[in-house]
file coords-v4.csv (CSV, C-alpha atoms)
chain,number,residue,atom,x,y,z
A,800,MET,CA,26.1,3.9,30.5
A,801,HIS,CA,28.0,7.2,30.0
A,802,THR,CA,29.5,7.7,26.5
A,803,LYS,CA,31.6,10.4,24.8
A,804,GLY,CA,29.5,10.4,21.6
A,805,PRO,CA,26.2,9.4,20.0
A,806,VAL,CA,24.8,5.9,20.2
A,807,PRO,CA,23.7,4.2,17.0
A,808,SER,CA,20.0,4.6,16.4
A,809,HIS,CA,19.9,1.6,14.2
A,810,ILE,CA,22.0,-1.5,14.6
A,811,ALA,CA,21.9,-4.6,12.5
A,812,PHE,CA,23.2,-8.1,13.1
A,813,ILE,CA,24.4,-11.0,10.9
A,814,MET,CA,24.0,-13.8,13.5
A,815,ASP,CA,26.8,-16.0,12.3
A,816,GLY,CA,28.2,-19.0,14.2
A,817,ASN,CA,25.3,-21.0,15.6
A,818,ARG,CA,26.3,-24.2,13.9
A,819,ARG,CA,30.0,-23.7,14.9
A,820,TYR,CA,28.9,-23.0,18.4
A,821,ALA,CA,27.0,-26.3,18.5
A,822,LYS,CA,30.0,-28.2,17.2
A,823,LYS,CA,32.3,-26.4,19.7
A,824,LYS,CA,30.1,-27.4,22.6
A,825,ASN,CA,29.2,-30.9,21.2
A,826,LEU,CA,25.6,-30.0,20.8
A,827,LEU,CA,23.0,-30.8,18.2
A,828,GLU,CA,22.8,-28.1,15.5
A,829,LYS,CA,19.3,-27.3,16.6
A,830,ASP,CA,20.5,-26.6,20.1
A,831,GLY,CA,23.1,-24.2,18.7
A,832,TYR,CA,20.2,-22.3,17.1
A,833,ARG,CA,18.3,-22.4,20.4
A,834,ALA,CA,21.3,-20.9,22.1
A,835,GLY,CA,21.4,-18.2,19.4
A,836,PHE,CA,17.7,-17.3,20.1
A,837,SER,CA,18.4,-17.0,23.8
A,838,VAL,CA,21.2,-14.5,23.0
A,839,LEU,CA,18.9,-12.6,20.7
A,840,ILE,CA,16.5,-12.0,23.6
A,841,ASN,CA,19.5,-10.7,25.7
A,842,VAL,CA,20.7,-8.5,22.8
A,843,LEU,CA,17.3,-7.0,22.4
A,844,ARG,CA,17.3,-6.0,26.1
A,845,TYR,CA,20.9,-4.7,25.9
A,846,CYS,CA,20.1,-2.6,22.8
A,847,TYR,CA,17.0,-1.1,24.4
A,848,GLU,CA,18.9,-0.3,27.6
A,849,LEU,CA,21.7,1.3,25.6
A,850,GLY,CA,19.3,3.5,23.7
A,851,MET,CA,19.3,1.8,20.3
A,852,LYS,CA,15.6,1.6,19.3
A,853,GLN,CA,15.9,0.1,15.8
A,854,ILE,CA,17.3,-3.4,15.6
A,855,THR,CA,17.5,-5.6,12.5
A,856,VAL,CA,18.6,-9.2,12.4
A,857,TYR,CA,19.4,-11.5,9.5
A,858,ALA,CA,17.5,-14.6,10.6
A,859,PHE,CA,17.2,-16.7,7.4
A,860,SER,CA,18.5,-16.1,3.9
A,861,ILE,CA,16.8,-17.3,0.8
A,862,ASP,CA,20.0,-19.2,0.1
A,863,ASN,CA,19.4,-21.2,3.3
A,864,PHE,CA,16.6,-23.0,1.6
A,865,LYS,CA,19.4,-24.8,-0.4
A,866,ARG,CA,20.5,-26.6,2.8
A,867,ARG,CA,19.5,-30.2,3.6
A,868,PRO,CA,15.7,-30.5,3.6
A,869,GLU,CA,15.7,-31.9,7.1
A,870,GLU,CA,17.8,-29.0,8.4
A,871,VAL,CA,15.5,-26.5,6.7
A,872,GLN,CA,12.4,-28.2,8.2
A,873,SER,CA,14.0,-28.2,11.6
A,874,LEU,CA,14.8,-24.5,11.4
A,875,MET,CA,11.3,-23.7,10.2
A,876,GLU,CA,9.8,-25.6,13.2
A,877,LEU,CA,12.2,-23.8,15.6
A,878,MET,CA,11.4,-20.5,14.1
A,879,GLN,CA,7.7,-21.0,14.5
A,880,GLU,CA,8.2,-22.1,18.1
A,881,LYS,CA,10.4,-19.1,18.9
A,882,ILE,CA,8.1,-16.6,17.2
A,883,ASP,CA,5.2,-17.8,19.4
A,884,GLU,CA,7.5,-17.4,22.5
A,885,LEU,CA,8.5,-13.9,21.4
A,886,ILE,CA,4.9,-12.6,21.4
A,887,ALA,CA,3.7,-14.2,24.6
A,888,GLU,CA,2.0,-11.7,26.8
A,889,GLU,CA,4.9,-11.6,29.3
A,890,SER,CA,7.7,-11.7,26.7
A,891,ILE,CA,10.5,-9.1,26.6
A,892,VAL,CA,9.0,-7.8,23.3
A,893,ASN,CA,5.8,-6.8,25.1
A,894,ARG,CA,7.5,-5.7,28.3
A,895,LEU,CA,9.7,-3.3,26.4
A,896,GLY,CA,7.1,-2.2,23.8
A,897,ILE,CA,9.0,-3.6,20.8
A,898,ARG,CA,7.1,-3.8,17.5
A,899,ILE,CA,8.1,-6.7,15.2
A,900,TYR,CA,8.3,-6.6,11.5
A,901,PHE,CA,9.3,-9.6,9.3
A,902,ARG,CA,10.9,-8.5,6.1
A,903,GLY,CA,11.6,-10.6,3.1
A,904,ASN,CA,9.9,-12.8,0.5
A,905,LEU,CA,7.5,-14.2,3.1
A,906,LYS,CA,5.5,-16.3,0.5
A,907,LEU,CA,8.5,-18.7,0.5
A,908,LEU,CA,7.8,-19.6,4.1
A,909,SER,CA,5.6,-22.6,5.0
A,910,GLU,CA,2.0,-21.8,5.8
A,911,PRO,CA,2.3,-22.5,9.6
A,912,VAL,CA,5.4,-20.2,9.8
A,913,ARG,CA,3.8,-17.5,7.7
A,914,SER,CA,0.8,-17.6,9.9
A,915,SER,CA,3.0,-17.1,13.0
A,916,VAL,CA,4.8,-14.3,11.3
A,917,GLU,CA,1.6,-12.5,10.5
A,918,MET,CA,0.3,-13.0,14.0
A,919,ALA,CA,3.5,-11.6,15.5
A,920,MET,CA,3.3,-8.5,13.4
A,921,ALA,CA,-0.4,-8.0,14.2
A,922,LYS,CA,0.0,-8.6,17.9
A,923,THR,CA,2.9,-6.2,18.3
A,924,ALA,CA,1.4,-3.5,16.1
A,925,GLY,CA,0.5,-1.4,19.1
A,926,ASN,CA,4.0,-1.4,20.5
A,927,SER,CA,5.9,1.8,19.8
A,928,LYS,CA,9.0,2.1,22.0
A,929,ALA,CA,11.4,0.2,19.6
A,930,VAL,CA,11.3,-1.8,16.3
A,931,LEU,CA,12.8,-5.2,15.6
A,932,SER,CA,13.0,-6.1,11.9
A,933,VAL,CA,13.6,-9.8,11.3
A,934,CYS,CA,14.9,-10.5,7.8
A,935,VAL,CA,13.6,-13.9,6.8
A,936,ALA,CA,13.5,-15.5,3.4
A,937,TYR,CA,15.6,-12.5,2.5
A,938,THR,CA,18.5,-11.4,0.3
A,939,SER,CA,19.4,-8.0,-0.9
A,940,THR,CA,19.5,-9.0,-4.5
A,941,ASP,CA,15.9,-10.3,-4.2
A,942,GLU,CA,14.8,-7.1,-2.4
A,943,ILE,CA,16.3,-4.8,-5.0
A,944,ALA,CA,15.0,-6.8,-8.0
A,945,ARG,CA,11.5,-6.9,-6.5
A,946,ALA,CA,11.6,-3.2,-5.7
A,947,VAL,CA,12.7,-2.3,-9.3
A,948,GLN,CA,10.0,-4.6,-10.7
A,949,GLU,CA,7.3,-3.1,-8.5
A,950,SER,CA,8.5,0.5,-9.4
A,951,CYS,CA,8.2,-0.3,-13.1
A,952,GLU,CA,4.7,-1.8,-12.7
A,953,GLU,CA,3.6,1.2,-10.7
A,954,LYS,CA,4.8,3.5,-13.5
A,955,GLN,CA,3.9,1.3,-16.5
A,956,ASP,CA,1.2,3.6,-17.8
A,957,GLU,CA,3.5,6.6,-17.8
A,958,ILE,CA,6.2,4.5,-19.3
A,959,ARG,CA,3.9,3.4,-22.2
A,960,GLU,CA,3.0,7.0,-22.8
A,961,GLN,CA,6.7,8.0,-23.0
A,962,ASP,CA,7.5,5.0,-25.3
A,963,ALA,CA,4.6,6.0,-27.6
A,964,SER,CA,6.1,9.5,-27.8
A,965,ASN,CA,9.6,8.1,-28.6
A,966,THR,CA,11.3,9.9,-25.7
A,967,GLY,CA,13.3,6.8,-24.9
A,968,ASN,CA,15.4,5.9,-21.9
A,969,TYR,CA,16.0,9.4,-20.6
A,970,ALA,CA,12.2,9.6,-19.8
A,971,LEU,CA,12.4,6.2,-18.1
A,972,GLU,CA,15.2,7.4,-15.9
A,973,GLN,CA,13.2,10.5,-15.0
A,974,LEU,CA,10.1,8.3,-14.2
A,975,ILE,CA,11.8,5.9,-11.9
A,976,GLY,CA,14.3,7.2,-9.3
A,977,VAL,CA,16.0,6.1,-6.1
A,978,ALA,CA,13.1,7.3,-4.0
A,979,ASP,CA,10.7,5.1,-6.0
A,980,ILE,CA,12.8,2.0,-5.5
A,981,ASP,CA,13.3,2.9,-1.8
A,982,ARG,CA,9.5,2.9,-1.3
A,983,HIS,CA,9.2,-0.7,-2.6
A,984,MET,CA,12.1,-2.2,-0.6
A,985,TYR,CA,11.3,-4.7,2.1
A,986,MET,CA,13.1,-2.3,4.5
A,987,ALA,CA,11.0,0.7,3.4
A,988,GLY,CA,10.4,3.2,6.1
A,989,VAL,CA,13.4,2.1,8.2
A,990,ALA,CA,16.4,4.3,8.6
A,991,ASP,CA,19.7,2.9,7.1
A,992,PRO,CA,21.7,1.0,9.8
A,993,ASP,CA,24.6,2.9,11.5
A,994,VAL,CA,26.5,-0.3,12.3
A,995,ILE,CA,26.2,-3.9,11.0
A,996,ILE,CA,27.7,-6.4,13.4
A,997,ARG,CA,28.7,-9.7,11.9
A,998,THR,CA,29.8,-12.2,14.6
A,999,SER,CA,32.4,-14.9,14.2
A,1000,GLY,CA,34.9,-12.4,12.8
A,1001,GLY,CA,33.6,-12.5,9.3
A,1002,THR,CA,33.7,-9.4,7.1
A,1003,ARG,CA,31.2,-10.4,4.4
A,1004,LEU,CA,27.7,-8.9,4.2
A,1005,SER,CA,26.4,-12.1,2.7
A,1006,ASN,CA,23.7,-10.4,0.6
A,1007,PHE,CA,22.3,-8.4,3.6
A,1008,LEU,CA,21.2,-4.8,3.4
A,1009,LEU,CA,23.4,-4.0,0.4
A,1010,TRP,CA,21.2,-1.2,-0.7
A,1011,GLN,CA,21.1,0.3,2.8
A,1012,SER,CA,24.7,0.0,3.9
A,1013,ALA,CA,26.5,2.5,1.7
A,1014,HIS,CA,27.6,4.6,4.7
A,1015,CYS,CA,27.4,1.9,7.3
A,1016,LEU,CA,30.2,0.7,9.6
A,1017,LEU,CA,30.9,-3.1,9.7
A,1018,TYR,CA,32.0,-4.4,13.1
A,1019,SER,CA,33.2,-8.0,13.3
A,1020,PRO,CA,33.9,-9.5,16.8
A,1021,ARG,CA,35.4,-12.9,16.8
A,1022,ALA,CA,32.8,-14.3,19.2
A,1023,LEU,CA,30.3,-16.7,17.7
A,1024,TRP,CA,26.7,-15.4,17.9
A,1025,PRO,CA,25.7,-17.4,20.9
A,1026,GLU,CA,28.7,-16.0,22.7
A,1027,ILE,CA,27.8,-12.4,22.2
A,1028,SER,CA,27.6,-10.4,25.5
A,1029,PHE,CA,26.7,-6.9,26.7
A,1030,TRP,CA,30.4,-5.9,26.5
A,1031,HIS,CA,30.6,-6.8,22.8
A,1032,LEU,CA,27.8,-4.3,22.2
A,1033,VAL,CA,29.6,-1.7,24.3
A,1034,LEU,CA,32.8,-2.2,22.2
A,1035,ALA,CA,30.6,-1.8,19.0
A,1036,ILE,CA,29.3,1.5,20.3
A,1037,ILE,CA,32.8,2.7,21.1
A,1038,TYR,CA,33.9,1.7,17.5
A,1039,PHE,CA,30.9,3.6,16.1
A,1040,GLN,CA,31.7,6.7,18.2
A,1041,ARG,CA,35.4,6.7,17.1
A,1042,ASN,CA,34.3,6.7,13.4
A,1043,TYR,CA,31.1,8.8,13.8
A,1044,PHE,CA,32.4,12.1,12.4
A,1045,TYR,CA,34.2,10.4,9.5
A,1046,VAL,CA,31.0,8.6,8.5
A,1047,LYS,CA,28.9,11.7,9.0
A,1048,GLU,CA,31.2,13.7,6.6
A,1049,LYS,CA,31.0,10.9,4.0
A,1050,LYS,CA,27.2,11.1,4.1
A,1051,LYS,CA,27.3,14.8,3.5
A,1052,GLN,CA,29.5,14.3,0.5
A,1053,ALA,CA,27.3,11.6,-1.0
call {"tool": "encode", "arguments": {"input": "coords-v4.csv", "output": "structure tokens"}}
result
Amino acid sequence: MHTKGPVPSHIAFIMDGNRRYAKKKNLLEKDGYRAGFSVLINVLRYCYELGMKQITVYAFSIDNFKRRPEEVQSLMELMQEKIDELIAEESIVNRLGIRIYFRGNLKLLSEPVRSSVEMAMAKTAGNSKAVLSVCVAYTSTDEIARAVQESCEEKQDEIREQDASNTGNYALEQLIGVADIDRHMYMAGVADPDVIIRTSGGTRLSNFLLWQSAHCLLYSPRALWPEISFWHLVLAIIYFQRNYFYVKEKKKQA
């Protein structure tokens, strides 16, 4: 593909519309999610071929645990099944050299799913050509609160010393900064996304990457997630290129 500008190095997806797709096609909800997984595999390949080597997907929000128990159980079983498929020896992940990270409050997952998650991260640890971050049992508010708490715990001895010397809140602000919180985020070590794509035409971030998206573009195609094609990604890249210099200038000013 020949372009007139840079390609995003990190693209993130809010995979919205699986249930609506199932309803539209008179399918079971579970089959809508299966169709969504098949599209994810295609999207991974498209992103790799287009030169985007960091991909992040919002797979399961902490808020999704509030859905009907039978729906949550079905999604957990499907997730475990698809994780196992994803790391099969001949899978696209291994053919393309994609390393998988699962990011979120993983202790909220059932033991079988957590075991599959840990195995997937271990088995792909040697892959180095691209990175797929799967946000599961995740919300930004949980990520930020946890990062702040861990930053405070890390600095607690210094904080106690400052409290004892009555230097107050100014010292606390000096002890814990943005870099400290960044280091404890679930997304630590990953560049901020250049573009977040939310399918189904929605313009909400839904508690996804709020900390990381200050200078990020939001692109919202009307297609449901299982309907996303190569050309939707091409249009997202063109959108990014049209806005690239404006965003770059805003980052300089920040």
call {"tool": "residues_near_point", "arguments": {"input": "coords-v4.csv", "point": "(30.4, -4.6, 23.6)", "cutoff": "12 Å", "atoms": "only C-alpha atoms", "output": "list in words"}}
result
Met800, Val842, Tyr845, Cys846, Leu849, Ile996, Thr998, Tyr1018, Ser1019, Pro1020, Arg1021, Ala1022, Glu1026, Ile1027, Ser1028, Phe1029, Trp1030, His1031, Leu1032, Val1033, Leu1034, Ala1035, Ile1036, Ile1037, Tyr1038 and Phe1039 of chain A
call {"tool": "atom_distance", "arguments": {"input": "coords-v4.csv", "atom1": "CA of Gly804 in chain A", "atom2": "CA of Gln1040 in chain A"}}
result
5.5 Å
call {"tool": "residues_near_point", "arguments": {"input": "coords-v4.csv", "point": "(22.6, -7.9, 0.3)", "cutoff": "9 Å", "atoms": "all atoms listed in the file", "output": "list in words"}}
result
Tyr937, Thr938, Ser939, Thr940, Asp941, Glu942, Ile943, Leu1004, Ser1005, Asn1006, Phe1007, Leu1008, Leu1009, Trp1010, Gln1011 and Ser1012 of chain A
call {"tool": "closest_residue", "arguments": {"input": "coords-v4.csv", "among": "A:Trp1024, A:Phe836, A:Tyr985, A:Phe1044", "to": "Asn817 in chain A", "atoms": "all atoms listed in the file"}}
result
A:Trp1024
call {"tool": "closest_residue", "arguments": {"input": "coords-v4.csv", "among": "A:Glu884, A:Gly831, A:Val916, A:Ser932", "to": "Tyr857 in chain A", "atoms": "all atoms listed in the file"}}
result
A:Ser932
call {"tool": "residues_around", "arguments": {"input": "coords-v4.csv", "residues": "Phe859 in chain A", "least_positions_apart": "6", "cutoff": "7 Å", "atoms": "all atoms listed in the file", "output": "list in words"}}
result
Cys934, Val935, Ala936 and Tyr937 of chain A
call {"tool": "decode", "arguments": {"input": "coords-v4.csv", "residues": "range 864-952 of chain A", "atoms": "C-alpha atoms", "output": "PDB file, in the first residue's frame"}}
result
ATOM      1  CA  PHE A 864     -19.179  -8.997  34.672  1.00  0.00           C
ATOM      2  CA  LYS A 865     -22.510  -7.321  35.522  1.00  0.00           C
ATOM      3  CA  ARG A 866     -24.213  -9.033  32.580  1.00  0.00           C
ATOM      4  CA  ARG A 867     -26.353 -12.141  32.999  1.00  0.00           C
ATOM      5  CA  PRO A 868     -24.300 -14.910  34.685  1.00  0.00           C
ATOM      6  CA  GLU A 869     -24.966 -17.345  31.853  1.00  0.00           C
ATOM      7  CA  GLU A 870     -23.743 -14.777  29.294  1.00  0.00           C
ATOM      8  CA  VAL A 871     -20.574 -14.105  31.290  1.00  0.00           C
ATOM      9  CA  GLN A 872     -19.928 -17.842  31.628  1.00  0.00           C
ATOM     10  CA  SER A 873     -20.453 -18.350  27.899  1.00  0.00           C
ATOM     11  CA  LEU A 874     -18.041 -15.516  27.072  1.00  0.00           C
ATOM     12  CA  MET A 875     -15.411 -16.886  29.453  1.00  0.00           C
ATOM     13  CA  GLU A 876     -15.635 -20.331  27.850  1.00  0.00           C
ATOM     14  CA  LEU A 877     -15.402 -18.809  24.382  1.00  0.00           C
ATOM     15  CA  MET A 878     -12.448 -16.672  25.452  1.00  0.00           C
ATOM     16  CA  GLN A 879     -10.577 -19.717  26.751  1.00  0.00           C
ATOM     17  CA  GLU A 880     -11.292 -21.631  23.538  1.00  0.00           C
ATOM     18  CA  LYS A 881     -10.109 -18.788  21.327  1.00  0.00           C
ATOM     19  CA  ILE A 882      -6.984 -18.090  23.376  1.00  0.00           C
ATOM     20  CA  ASP A 883      -5.991 -21.726  22.892  1.00  0.00           C
ATOM     21  CA  GLU A 884      -6.591 -21.390  19.137  1.00  0.00           C
ATOM     22  CA  LEU A 885      -4.626 -18.154  19.037  1.00  0.00           C
ATOM     23  CA  ILE A 886      -1.446 -19.756  20.348  1.00  0.00           C
ATOM     24  CA  ALA A 887      -1.601 -22.970  18.310  1.00  0.00           C
ATOM     25  CA  GLU A 888       1.707 -23.665  16.592  1.00  0.00           C
ATOM     26  CA  GLU A 889       0.415 -22.764  13.125  1.00  0.00           C
ATOM     27  CA  SER A 890      -1.713 -19.823  14.252  1.00  0.00           C
ATOM     28  CA  ILE A 891      -1.380 -16.372  12.698  1.00  0.00           C
ATOM     29  CA  VAL A 892       0.161 -15.115  15.946  1.00  0.00           C
ATOM     30  CA  ASN A 893       3.122 -17.448  15.598  1.00  0.00           C
ATOM     31  CA  ARG A 894       3.376 -17.163  11.806  1.00  0.00           C
ATOM     32  CA  LEU A 895       3.660 -13.369  12.057  1.00  0.00           C
ATOM     33  CA  GLY A 896       5.747 -13.339  15.249  1.00  0.00           C
ATOM     34  CA  ILE A 897       3.176 -11.506  17.382  1.00  0.00           C
ATOM     35  CA  ARG A 898       3.704 -11.349  21.142  1.00  0.00           C
ATOM     36  CA  ILE A 899       0.516 -11.343  23.233  1.00  0.00           C
ATOM     37  CA  TYR A 900       0.002  -9.466  26.470  1.00  0.00           C
ATOM     38  CA  PHE A 901      -3.198  -9.604  28.498  1.00  0.00           C
ATOM     39  CA  ARG A 902      -3.699  -6.381  30.418  1.00  0.00           C
ATOM     40  CA  GLY A 903      -6.204  -5.806  33.175  1.00  0.00           C
ATOM     41  CA  ASN A 904      -7.244  -7.044  36.598  1.00  0.00           C
ATOM     42  CA  LEU A 905      -6.561 -10.670  35.672  1.00  0.00           C
ATOM     43  CA  LYS A 906      -7.355 -12.017  39.146  1.00  0.00           C
ATOM     44  CA  LEU A 907     -11.040 -11.381  38.317  1.00  0.00           C
ATOM     45  CA  LEU A 908     -10.904 -14.092  35.636  1.00  0.00           C
ATOM     46  CA  SER A 909     -11.840 -17.684  36.380  1.00  0.00           C
ATOM     47  CA  GLU A 910      -8.922 -20.015  37.078  1.00  0.00           C
ATOM     48  CA  PRO A 911      -9.150 -21.876  33.718  1.00  0.00           C
ATOM     49  CA  VAL A 912      -9.220 -18.625  31.732  1.00  0.00           C
ATOM     50  CA  ARG A 913      -6.402 -17.134  33.798  1.00  0.00           C
ATOM     51  CA  SER A 914      -4.300 -20.244  33.149  1.00  0.00           C
ATOM     52  CA  SER A 915      -4.905 -19.917  29.387  1.00  0.00           C
ATOM     53  CA  VAL A 916      -3.989 -16.229  29.556  1.00  0.00           C
ATOM     54  CA  GLU A 917      -0.727 -16.957  31.375  1.00  0.00           C
ATOM     55  CA  MET A 918       0.122 -19.759  28.955  1.00  0.00           C
ATOM     56  CA  ALA A 919      -0.524 -17.500  25.939  1.00  0.00           C
ATOM     57  CA  MET A 920       1.813 -14.826  27.303  1.00  0.00           C
ATOM     58  CA  ALA A 921       4.505 -17.386  28.088  1.00  0.00           C
ATOM     59  CA  LYS A 922       4.244 -19.189  24.743  1.00  0.00           C
ATOM     60  CA  THR A 923       4.490 -16.000  22.682  1.00  0.00           C
ATOM     61  CA  ALA A 924       7.221 -14.370  24.797  1.00  0.00           C
ATOM     62  CA  GLY A 925       9.795 -15.134  22.111  1.00  0.00           C
ATOM     63  CA  ASN A 926       7.836 -13.403  19.343  1.00  0.00           C
ATOM     64  CA  SER A 927       9.160  -9.927  18.568  1.00  0.00           C
ATOM     65  CA  LYS A 928       7.766  -8.644  15.260  1.00  0.00           C
ATOM     66  CA  ALA A 929       4.542  -7.147  16.650  1.00  0.00           C
ATOM     67  CA  VAL A 930       2.623  -6.817  19.933  1.00  0.00           C
ATOM     68  CA  LEU A 931      -1.036  -7.566  20.599  1.00  0.00           C
ATOM     69  CA  SER A 932      -2.343  -6.211  23.906  1.00  0.00           C
ATOM     70  CA  VAL A 933      -5.669  -7.724  24.932  1.00  0.00           C
ATOM     71  CA  CYS A 934      -7.447  -5.647  27.581  1.00  0.00           C
ATOM     72  CA  VAL A 935      -9.560  -8.063  29.604  1.00  0.00           C
ATOM     73  CA  ALA A 936     -11.172  -7.509  33.001  1.00  0.00           C
ATOM     74  CA  TYR A 937     -10.132  -3.931  32.318  1.00  0.00           C
ATOM     75  CA  THR A 938     -11.359  -0.386  32.798  1.00  0.00           C
ATOM     76  CA  SER A 939      -9.299   2.785  32.795  1.00  0.00           C
ATOM     77  CA  THR A 940     -10.612   3.875  36.163  1.00  0.00           C
ATOM     78  CA  ASP A 941      -9.470   0.574  37.686  1.00  0.00           C
ATOM     79  CA  GLU A 942      -6.106   0.901  35.924  1.00  0.00           C
ATOM     80  CA  ILE A 943      -5.531   4.454  37.182  1.00  0.00           C
ATOM     81  CA  ALA A 944      -6.684   3.747  40.751  1.00  0.00           C
ATOM     82  CA  ARG A 945      -4.425   0.690  40.940  1.00  0.00           C
ATOM     83  CA  ALA A 946      -1.448   2.599  39.528  1.00  0.00           C
ATOM     84  CA  VAL A 947      -1.878   5.425  42.048  1.00  0.00           C
ATOM     85  CA  GLN A 948      -2.228   2.945  44.921  1.00  0.00           C
ATOM     86  CA  GLU A 949       0.894   1.015  43.881  1.00  0.00           C
ATOM     87  CA  SER A 950       2.832   4.264  43.433  1.00  0.00           C
ATOM     88  CA  CYS A 951       1.902   5.303  46.967  1.00  0.00           C
ATOM     89  CA  GLU A 952       2.842   1.899  48.378  1.00  0.00           C
TER      90      GLU A 952
END
